[in-house]
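First comes the structure, then the notes that go with it.
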Amino acid sequence: MAADYDEVRSDVKESQDRSLEALQSANAPDARSVVKELDEADALDEGLTPGGEILSEELIVQVIPEAADEFTCYSCFLVRHRSQLVRENNGHSYCIECEG
Ligand SMILES: [Zn+2]
């Protein structure tokens with residue numbers, strides 16, 4: 001009887017080990033770290049562009065560099081100095097390279 005008893009106990013211990021492994025793999029890296037990364041990404045987005053998307057950030061970057069004496073060519077979309085402006089049409093500016 002004693003031998004049977006030990007056998008049962010070792011089975012129980014083994015199944016405890018297995019369920020512990022299952023728990024560890026269920027908690028483990030992927031699901032949790034993905035959620036954590038998403039949370040951090042949300043926090044970053046809020047800091048950089050409140051309520052905005054990455055696309056709007058790119059649009060702002062393209063518009064801001066245009067200074068008072070510069071224009072953005074509507075054909076090649078490069079920021080040019082006013083001296084390179086050779087044509088304006090319907091509020092759109094065209095540079096000397098595109099028109100020349
Ligand atoms: Zn141009």
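Naming scheme: A, B, ... for chains in displayed order of the structure tokens; residues 1 onward per chain; ligands 1 onward as shown.
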Give the residues close to ligand 1, within 7 Å, counting only C-alpha atoms and all ligand atoms; write them as a PyMOL selection string. chain A and resi 73-78+94-98
Which neighbours of Thr72 of chain A fall inside 12 Å, counting only C-alpha atoms, when residues of the same chain fewer than 4 positions from it are skipped, and could you give them as a PyMOL selection string? chain A and resi 62-68+76-82+84-85+87-88+91-96+98
Dump C-alpha atoms for the selected residues as a PDB file, in the first residue's frame?
```pdb
ATOM      1  CA  GLN A  62       5.764  68.959 -45.174  1.00  0.00           C
ATOM      2  CA  VAL A  63       4.013  72.277 -44.637  1.00  0.00           C
ATOM      3  CA  ILE A  64       6.089  73.866 -41.869  1.00  0.00           C
ATOM      4  CA  PRO A  65       9.501  74.171 -43.610  1.00  0.00           C
ATOM      5  CA  GLU A  66       8.109  76.688 -46.095  1.00  0.00           C
ATOM      6  CA  ALA A  67       9.408  80.066 -45.003  1.00  0.00           C
ATOM      7  CA  ALA A  68       8.182  83.506 -46.034  1.00  0.00           C
ATOM      8  CA  CYS A  76       7.843  68.637 -57.980  1.00  0.00           C
ATOM      9  CA  PHE A  77       6.666  69.413 -54.398  1.00  0.00           C
ATOM     10  CA  LEU A  78      10.081  70.695 -53.393  1.00  0.00           C
ATOM     11  CA  VAL A  79      10.460  73.807 -51.262  1.00  0.00           C
ATOM     12  CA  ARG A  80      12.114  76.450 -53.439  1.00  0.00           C
ATOM     13  CA  HIS A  81      13.353  79.972 -52.881  1.00  0.00           C
ATOM     14  CA  ARG A  82      11.140  82.723 -54.266  1.00  0.00           C
ATOM     15  CA  GLN A  84      13.027  80.139 -58.467  1.00  0.00           C
ATOM     16  CA  LEU A  85       9.305  80.853 -58.768  1.00  0.00           C
ATOM     17  CA  ARG A  87       4.755  80.717 -62.619  1.00  0.00           C
ATOM     18  CA  GLU A  88       1.701  80.805 -60.399  1.00  0.00           C
ATOM     19  CA  GLY A  91      -2.717  79.618 -56.336  1.00  0.00           C
ATOM     20  CA  HIS A  92      -0.253  76.895 -57.229  1.00  0.00           C
ATOM     21  CA  SER A  93       3.384  77.763 -57.669  1.00  0.00           C
ATOM     22  CA  TYR A  94       5.795  76.236 -60.130  1.00  0.00           C
ATOM     23  CA  CYS A  95       9.576  76.351 -59.969  1.00  0.00           C
ATOM     24  CA  ILE A  96      12.019  77.232 -62.698  1.00  0.00           C
ATOM     25  CA  CYS A  98       9.609  72.377 -63.777  1.00  0.00           C
TER      26      CYS A  98
END
```
Atom CA of Glu99 of chain A to atom CA of Val86 of chain A, distance in Å rounded to a single decimal: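 Interatomic distance here is 7.1 Å.
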Which value, in Å to one decimal, gives the distance between atom CA of Asp69 of chain A and atom CA of Ser83 of chain A?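 The value is 8.6 Å.
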